[in-house]
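Enquirer: One file is attached below, structure29.txt, containing compact mmCIF, C-alpha atoms.
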# COMPACT_ATOMS: atom_id res chain seq x y z
CA MET A 1450 0.00 0.00 0.00
CA ILE A 1451 1.27 3.48 -0.87
CA ARG A 1452 0.93 6.15 1.79
CA THR A 1453 -0.16 9.51 0.42
CA GLN A 1454 -1.54 12.81 1.63
CA ILE A 1455 -4.55 14.70 0.31
CA SER A 1456 -6.09 18.07 1.13
CA LEU A 1457 -9.83 18.48 1.50
CA GLU A 1458 -12.06 21.47 2.09
CA LYS A 1459 -13.23 21.48 5.70
CA ASN A 1460 -16.86 20.87 4.77
CA GLU A 1461 -15.80 17.98 2.50
CA TYR A 1462 -13.74 16.48 5.31
CA ASP A 1463 -16.62 16.85 7.78
CA LEU A 1464 -19.03 15.20 5.36
CA ALA A 1465 -16.58 12.41 4.57
CA LYS A 1466 -16.00 11.80 8.31
CA LYS A 1467 -19.74 11.72 8.94
CA GLN A 1468 -20.38 9.34 6.04
CA ALA A 1469 -17.47 7.12 7.10
CA ALA A 1470 -18.90 6.91 10.61
CA THR A 1471 -22.29 5.96 9.17
CA LEU A 1472 -20.63 3.15 7.22
CA GLY A 1473 -18.54 2.12 10.23
CA VAL A 1474 -15.21 2.66 8.47
CA SER A 1475 -12.29 5.06 8.86
CA VAL A 1476 -12.02 8.23 6.78
CA ALA A 1477 -9.02 6.64 5.00
CA GLU A 1478 -11.06 3.58 4.07
CA PHE A 1479 -13.93 5.80 2.95
CA VAL A 1480 -11.56 7.72 0.63
CA ARG A 1481 -10.08 4.45 -0.70
CA ARG A 1482 -13.58 3.22 -1.53
CA ALA A 1483 -14.43 6.50 -3.28
CA VAL A 1484 -11.25 6.23 -5.37
CA ARG A 1485 -11.98 2.57 -6.27
CA GLU A 1486 -15.49 3.54 -7.31
CA LYS A 1487 -14.12 6.08 -9.80
CA LEU A 1488 -11.49 3.80 -11.31
CA PRO A 1489 -12.40 1.53 -14.23
CA VAL A 1490 -12.88 -2.13 -13.40
CA LYS A 1491 -9.80 -4.12 -14.46
CA GLY A 1492 -10.19 -5.31 -18.04
CA GLU A 1493 -13.12 -3.00 -18.72
CA ALA A 1494 -13.03 -0.16 -21.24
CA PRO A 1495 -12.26 3.12 -19.41
CA TRP A 1496 -15.46 4.81 -20.61
CA MET A 1497 -17.56 2.09 -18.94
CA LYS A 1498 -17.03 3.72 -15.56
CA TYR A 1499 -19.49 6.37 -16.76
CA ALA A 1500 -22.28 3.85 -17.43
CA GLY A 1501 -25.27 4.92 -15.37
CA PHE A 1502 -23.37 7.67 -13.58
CA VAL A 1503 -26.63 9.59 -13.23
CA SER A 1504 -30.13 8.46 -12.38
CA THR A 1505 -32.95 10.78 -13.38
CA GLY A 1506 -35.69 8.40 -12.27
CA ASP A 1507 -37.22 8.79 -15.73
CA PRO A 1508 -37.36 5.63 -17.88
CA LEU A 1509 -38.09 7.82 -20.91
CA SER A 1510 -35.14 10.10 -20.24
CA SER A 1511 -33.39 9.48 -23.58
CA GLN A 1512 -36.64 10.04 -25.47
CA SER A 1513 -37.36 13.45 -24.00
CA ILE A 1514 -34.03 15.19 -24.60
CA ASP A 1515 -35.52 17.78 -26.93
CA ASP A 1516 -38.19 18.72 -24.40
CA LEU A 1517 -35.47 19.53 -21.92
CA VAL A 1518 -32.90 21.14 -24.19
CA TYR A 1519 -35.16 22.94 -26.70
CA GLY A 1520 -38.54 23.13 -25.00
CA SER A 1521 -40.57 20.72 -27.12
CA LYS A 1522 -40.61 18.62 -30.25
CA ASP A 1523 -43.05 16.02 -31.58
CA MET B 994 -7.08 9.62 -25.78
CA ALA B 995 -7.18 10.14 -29.51
CA ARG B 996 -9.80 12.80 -29.94
CA ARG B 997 -10.46 14.38 -33.27
CA ILE B 998 -12.86 17.04 -34.36
CA GLU B 999 -12.82 17.22 -38.12
CA ASP B 1000 -14.35 19.65 -40.56
CA ARG B 1001 -15.39 16.89 -42.89
CA PRO B 1002 -15.77 13.13 -42.72
CA ARG B 1003 -12.79 10.95 -43.48
CA ASN B 1004 -12.74 8.14 -46.02
CA GLY B 1005 -12.96 10.32 -49.09
CA GLY B 1006 -16.08 12.11 -47.99
CA GLY B 1007 -18.53 9.30 -47.90
CA HIS B 1008 -17.27 6.05 -49.35
CA SER B 1009 -16.67 4.28 -46.09
CA THR B 1010 -16.73 0.51 -46.15
CA LYS B 1011 -15.77 -0.04 -42.52
CA ILE B 1012 -18.45 -0.93 -40.02
CA GLU B 1013 -19.32 2.15 -38.04
CA ALA B 1014 -22.27 3.28 -36.00
CA TYR B 1015 -23.56 6.83 -35.80
CA VAL B 1016 -24.28 7.81 -32.19
CA ASP B 1017 -27.13 10.19 -31.39
CA THR B 1018 -27.52 12.15 -28.15
CA SER B 1019 -30.23 9.76 -26.97
CA ALA B 1020 -27.81 6.81 -27.05
CA PHE B 1021 -25.34 8.69 -24.86
CA ILE B 1022 -28.08 9.63 -22.39
CA ALA B 1023 -29.49 6.08 -22.31
CA PHE B 1024 -26.00 4.80 -21.52
CA LEU B 1025 -25.25 7.41 -18.87
CA ASP B 1026 -28.67 7.47 -17.16
CA ARG B 1027 -29.27 4.22 -15.30
CA SER B 1028 -32.99 5.02 -15.03
CA ASP B 1029 -33.48 4.96 -18.79
CA SER B 1030 -35.38 1.98 -20.16
CA TYR B 1031 -32.66 1.47 -22.81
CA HIS B 1032 -29.79 1.70 -20.33
CA GLN B 1033 -28.97 -2.02 -20.40
CA THR B 1034 -29.12 -2.11 -24.20
CA PHE B 1035 -26.65 0.73 -24.59
CA SER B 1036 -24.43 -0.47 -21.75
CA ARG B 1037 -24.02 -3.69 -23.68
CA LEU B 1038 -23.37 -1.85 -26.96
CA PHE B 1039 -20.85 0.58 -25.48
CA SER B 1040 -18.99 -2.25 -23.73
CA ALA B 1041 -17.72 -3.56 -27.08
CA PRO B 1042 -18.29 -0.82 -29.66
CA PRO B 1043 -17.39 -0.77 -33.34
CA THR B 1044 -15.99 2.47 -34.78
CA LEU B 1045 -18.33 5.23 -33.63
CA VAL B 1046 -19.01 8.63 -35.15
CA THR B 1047 -21.09 11.54 -33.98
CA SER B 1048 -21.67 15.19 -34.72
CA ALA B 1049 -20.15 18.02 -32.72
CA LEU B 1050 -23.77 19.22 -32.41
CA VAL B 1051 -24.63 16.02 -30.56
CA VAL B 1052 -21.83 16.68 -28.09
CA ALA B 1053 -23.16 20.21 -27.60
CA GLU B 1054 -26.69 18.87 -27.17
CA GLY B 1055 -25.56 16.29 -24.60
CA HIS B 1056 -23.62 18.94 -22.72
CA GLY B 1057 -26.71 21.17 -22.75
CA TRP B 1058 -28.84 18.31 -21.44
CA PHE B 1059 -26.57 17.85 -18.44
CA LEU B 1060 -26.46 21.59 -17.79
CA ARG B 1061 -30.27 21.79 -17.83
CA ARG B 1062 -30.92 18.56 -15.94
CA TYR B 1063 -28.04 18.82 -13.47
CA ASP B 1064 -25.18 21.30 -13.29
CA ARG B 1065 -21.78 22.32 -14.68
CA GLN B 1066 -20.02 19.51 -12.85
CA ARG B 1067 -22.12 16.78 -14.43
CA ALA B 1068 -21.89 18.53 -17.81
CA GLY B 1069 -18.13 18.46 -17.41
CA GLU B 1070 -18.23 14.76 -16.61
CA PHE B 1071 -20.18 14.20 -19.81
CA LEU B 1072 -17.37 15.87 -21.78
CA ALA B 1073 -14.81 13.78 -19.89
CA PHE B 1074 -16.76 10.68 -20.92
CA ILE B 1075 -16.67 11.79 -24.57
CA GLU B 1076 -12.91 12.33 -24.28
CA THR B 1077 -12.47 8.87 -22.82
CA LEU B 1078 -14.52 7.13 -25.50
CA GLU B 1079 -11.62 6.26 -27.79
CA PRO B 1080 -13.58 4.53 -30.60
CA LEU B 1081 -15.56 7.74 -31.13
CA GLU B 1082 -14.80 10.28 -33.83
CA VAL B 1083 -16.48 13.66 -33.37
CA LEU B 1084 -17.24 15.25 -36.74
CA GLY B 1085 -17.18 19.02 -36.94
CA PHE B 1086 -19.80 21.44 -38.21
CA ASN B 1087 -19.06 24.18 -40.71
CA HIS B 1088 -20.81 25.95 -43.62
CA VAL B 1089 -20.66 22.83 -45.78
CA GLU B 1090 -22.22 20.72 -43.04
CA LEU B 1091 -24.81 23.42 -42.46
CA ALA B 1092 -25.84 23.27 -46.12
CA LYS B 1093 -26.18 19.48 -45.99
CA SER B 1094 -28.19 19.70 -42.78
CA ARG B 1095 -30.50 22.33 -44.25
CA GLN B 1096 -31.12 20.00 -47.17
CA MET B 1097 -32.24 17.32 -44.71
CA LEU B 1098 -34.49 19.80 -42.93
CA THR B 1099 -36.08 20.62 -46.30
CA THR B 1100 -36.47 16.98 -47.28
CA PHE B 1101 -38.17 16.19 -43.98
CA SER B 1102 -39.98 19.48 -43.55
CA ASP B 1103 -42.99 17.65 -42.10
CA GLN B 1104 -40.86 16.62 -39.11
CA ASN B 1105 -39.68 18.79 -36.25
CA LEU B 1106 -36.05 17.86 -36.59
CA THR B 1107 -33.37 19.63 -34.62
CA LEU B 1108 -30.23 20.77 -36.43
CA ALA B 1109 -28.35 18.00 -34.59
CA ASP B 1110 -30.84 15.43 -35.94
CA ALA B 1111 -30.51 16.84 -39.47
CA HIS B 1112 -26.72 16.79 -39.32
CA GLY B 1113 -26.84 13.20 -38.09
CA LEU B 1114 -29.07 12.20 -41.02
CA ALA B 1115 -26.74 13.98 -43.46
CA LEU B 1116 -23.64 12.34 -42.01
CA MET B 1117 -25.19 8.87 -42.06
CA LYS B 1118 -26.25 9.31 -45.68
CA GLU B 1119 -22.84 10.57 -46.74
CA ARG B 1120 -20.89 7.94 -44.83
CA LYS B 1121 -23.32 5.17 -45.74
CA SER B 1122 -23.62 4.30 -42.07
CA GLY B 1123 -25.26 0.94 -41.57
CA ILE B 1124 -26.59 1.51 -38.10
CA CYS B 1125 -27.60 4.32 -35.82
CA TRP B 1126 -27.43 4.18 -32.04
CA SER B 1127 -30.45 6.20 -31.01
CA THR B 1128 -33.76 5.92 -29.19
CA ASP B 1129 -35.15 8.73 -31.37
CA ARG B 1130 -37.11 7.31 -34.33
CA HIS B 1131 -36.36 10.50 -36.32
CA LEU B 1132 -32.84 9.22 -36.87
CA GLY B 1133 -34.27 6.35 -38.90
CA LEU B 1134 -35.97 8.63 -41.43
CA THR B 1135 -33.49 7.88 -44.21
CA GLY B 1136 -33.80 4.14 -43.70
CA VAL B 1137 -30.74 3.59 -41.54
CA LYS B 1138 -31.34 0.76 -39.09
CA LEU B 1139 -31.72 1.81 -35.47
CA ALA B 1140 -29.87 -0.26 -32.89
CA ILE B 1141 -33.07 -0.54 -30.83
CA SER B 1142 -35.19 -1.93 -33.67
Write the structure described by the file as structure tokens, please.
Expert:
Amino acid sequence: MIRTQISLEKNEYDLAKKQAATLGVSVAEFVRRAVREKLPVKGEAPWMKYAGFVSTGDPLSSQSIDDLVYGSKD
Amino acid sequence: MARRIEDRPRNGGGHSTKIEAYVDTSAFIAFLDRSDSYHQTFSRLFSAPPTLVTSALVVAEGHGWFLRRYDRQRAGEFLAFIETLEPLEVLGFNHVELAKSRQMLTTFSDQNLTLADAHGLALMKERKSGICWSTDRHLGLTGVKLAIS
């Protein structure tokens, strides 16, 4: 394991500490998990880490792009 | 990262024989939004893509979608995704492309096509694209097969 140092904004640190406590892990482990989550899975194309990176809750999301961007379209 | 934005299509301006898919904004959104009903379909397609092409207007439209739906950060992540997508070639938009797109808008004047749609139709016609990744039926107006059909 490589030891490194990072700087966080105070509010980010506080939120990370709170979330880590909720999960029952250390802040260091919480940061490691966050980093792992952002890295591509070994053997997977690098762009696949973006698959489903948002969730609008709308199953017709891709079919209503024009409504959102332009206002409306048939 | 081998990103290109070109003023005109490669392959002699439309005599491509390689297998390539044109990617519409809706395919990007379906892939990126895990709530979308086509998310699994496009996750599978993007996991092992052929050569992909899209219009610079599609990238602008996708960026606009994230700005409207979310914020600058998510819009930036969308652009980072585009940068990461190595099999994708982003084709530029200039006066020549505008003229071709206007021709499509005239041909399909009974449809409310966006300029991005029209440019996609023009590019697919010129490049003889065999398939279009889109959930928008408008992109099939010229007879190109949609990946969802």
Enquirer: Quick one: residues within 10 Å of range 1121-1125 of chain B, only C-alpha atoms counted, chain neighbours fewer than 6 positions away excluded, as a PyMOL selection string?
Expert: chain B and resi 1007-1017+1020+1045-1047+1113-1115+1132-1133+1136-1141
Enquirer: Once you count all atoms listed in the file, which residues of chain A turn out to be within 10 Å of chain B? Could you give them as a ChimeraX atom specification?
Expert: /A:1493-1519,1521-1523
Enquirer: Mind pulling up the distance from CA of Ala1469 in chain A to CA of Arg1482 in chain A?
Expert: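 Going from CA of Arg1482 in chain A over to CA of Ala1469 in chain A covers 10.2 Å.
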Enquirer: Looking at all atoms listed in the file, which of A:Asp1463, A:Gly1520, A:Glu1458, A:Arg1452 is the one that sits closest to Val1476 in chain A?
Expert: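 Ranking A:Asp1463, A:Gly1520, A:Glu1458, A:Arg1452 by distance to Val1476 in chain A, first place goes to A:Asp1463.
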Enquirer: Could you jot down the CA of Ser1102 in chain B to CA of Leu1134 in chain B separation for me, Å, one decimal place?
Expert: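 A separation of 11.8 Å between them.
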Enquirer: For CA of Leu1091 in chain B and CA of Asp1103 in chain B, determine how far apart the two atoms are, in Å to one decimal place.
Expert: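 CA of Asp1103 in chain B lies 19.1 Å from CA of Leu1091 in chain B.
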Enquirer: Would you kindly place N, CA and C atoms on range 1087-1110 of chain B and return the model as a compact mmCIF listing (two decimals), in the frame of the given file?
Expert:
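Output contents, as saved in out_2.txt:
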# COMPACT_ATOMS: atom_id res chain seq x y z
N ASN B 1087 -19.45 22.91 -40.08
CA ASN B 1087 -19.06 24.18 -40.71
C ASN B 1087 -20.13 24.56 -41.76
N HIS B 1088 -19.82 25.50 -42.64
CA HIS B 1088 -20.81 25.95 -43.62
C HIS B 1088 -21.26 24.82 -44.56
N VAL B 1089 -20.33 23.96 -44.89
CA VAL B 1089 -20.66 22.83 -45.78
C VAL B 1089 -21.65 21.90 -45.08
N GLU B 1090 -21.34 21.60 -43.81
CA GLU B 1090 -22.22 20.72 -43.04
C GLU B 1090 -23.58 21.38 -42.81
N LEU B 1091 -23.55 22.69 -42.64
CA LEU B 1091 -24.81 23.42 -42.46
C LEU B 1091 -25.69 23.27 -43.70
N ALA B 1092 -25.07 23.38 -44.88
CA ALA B 1092 -25.84 23.27 -46.12
C ALA B 1092 -26.46 21.87 -46.25
N LYS B 1093 -25.67 20.85 -45.92
CA LYS B 1093 -26.18 19.48 -45.99
C LYS B 1093 -27.31 19.27 -44.98
N SER B 1094 -27.16 19.84 -43.83
CA SER B 1094 -28.19 19.70 -42.78
C SER B 1094 -29.47 20.41 -43.18
N ARG B 1095 -29.32 21.59 -43.78
CA ARG B 1095 -30.50 22.33 -44.25
C ARG B 1095 -31.24 21.54 -45.31
N GLN B 1096 -30.49 20.84 -46.15
CA GLN B 1096 -31.12 20.00 -47.17
C GLN B 1096 -31.98 18.93 -46.51
N MET B 1097 -31.48 18.35 -45.44
CA MET B 1097 -32.24 17.32 -44.71
C MET B 1097 -33.49 17.94 -44.08
N LEU B 1098 -33.34 19.13 -43.55
CA LEU B 1098 -34.49 19.80 -42.93
C LEU B 1098 -35.57 20.07 -43.97
N THR B 1099 -35.13 20.39 -45.20
CA THR B 1099 -36.08 20.62 -46.30
C THR B 1099 -36.75 19.32 -46.72
N THR B 1100 -35.94 18.29 -46.87
CA THR B 1100 -36.47 16.98 -47.28
C THR B 1100 -37.52 16.47 -46.29
N PHE B 1101 -37.24 16.67 -45.02
CA PHE B 1101 -38.17 16.19 -43.98
C PHE B 1101 -38.85 17.37 -43.29
N SER B 1102 -39.38 18.25 -44.10
CA SER B 1102 -39.98 19.48 -43.55
C SER B 1102 -41.26 19.20 -42.76
N ASP B 1103 -41.80 17.99 -42.88
CA ASP B 1103 -42.99 17.65 -42.10
C ASP B 1103 -42.63 17.15 -40.71
N GLN B 1104 -41.33 17.09 -40.42
CA GLN B 1104 -40.86 16.62 -39.11
C GLN B 1104 -40.19 17.77 -38.36
N ASN B 1105 -40.36 17.78 -37.05
CA ASN B 1105 -39.68 18.79 -36.25
C ASN B 1105 -38.29 18.31 -35.86
N LEU B 1106 -37.41 18.31 -36.85
CA LEU B 1106 -36.05 17.86 -36.59
C LEU B 1106 -35.23 18.99 -35.99
N THR B 1107 -34.33 18.64 -35.09
CA THR B 1107 -33.37 19.63 -34.62
C THR B 1107 -32.22 19.67 -35.63
N LEU B 1108 -31.38 20.69 -35.53
CA LEU B 1108 -30.23 20.77 -36.43
C LEU B 1108 -29.29 19.58 -36.18
N ALA B 1109 -29.20 19.17 -34.91
CA ALA B 1109 -28.35 18.00 -34.59
C ALA B 1109 -28.91 16.75 -35.26
N ASP B 1110 -30.23 16.57 -35.24
CA ASP B 1110 -30.84 15.43 -35.94
C ASP B 1110 -30.50 15.48 -37.43
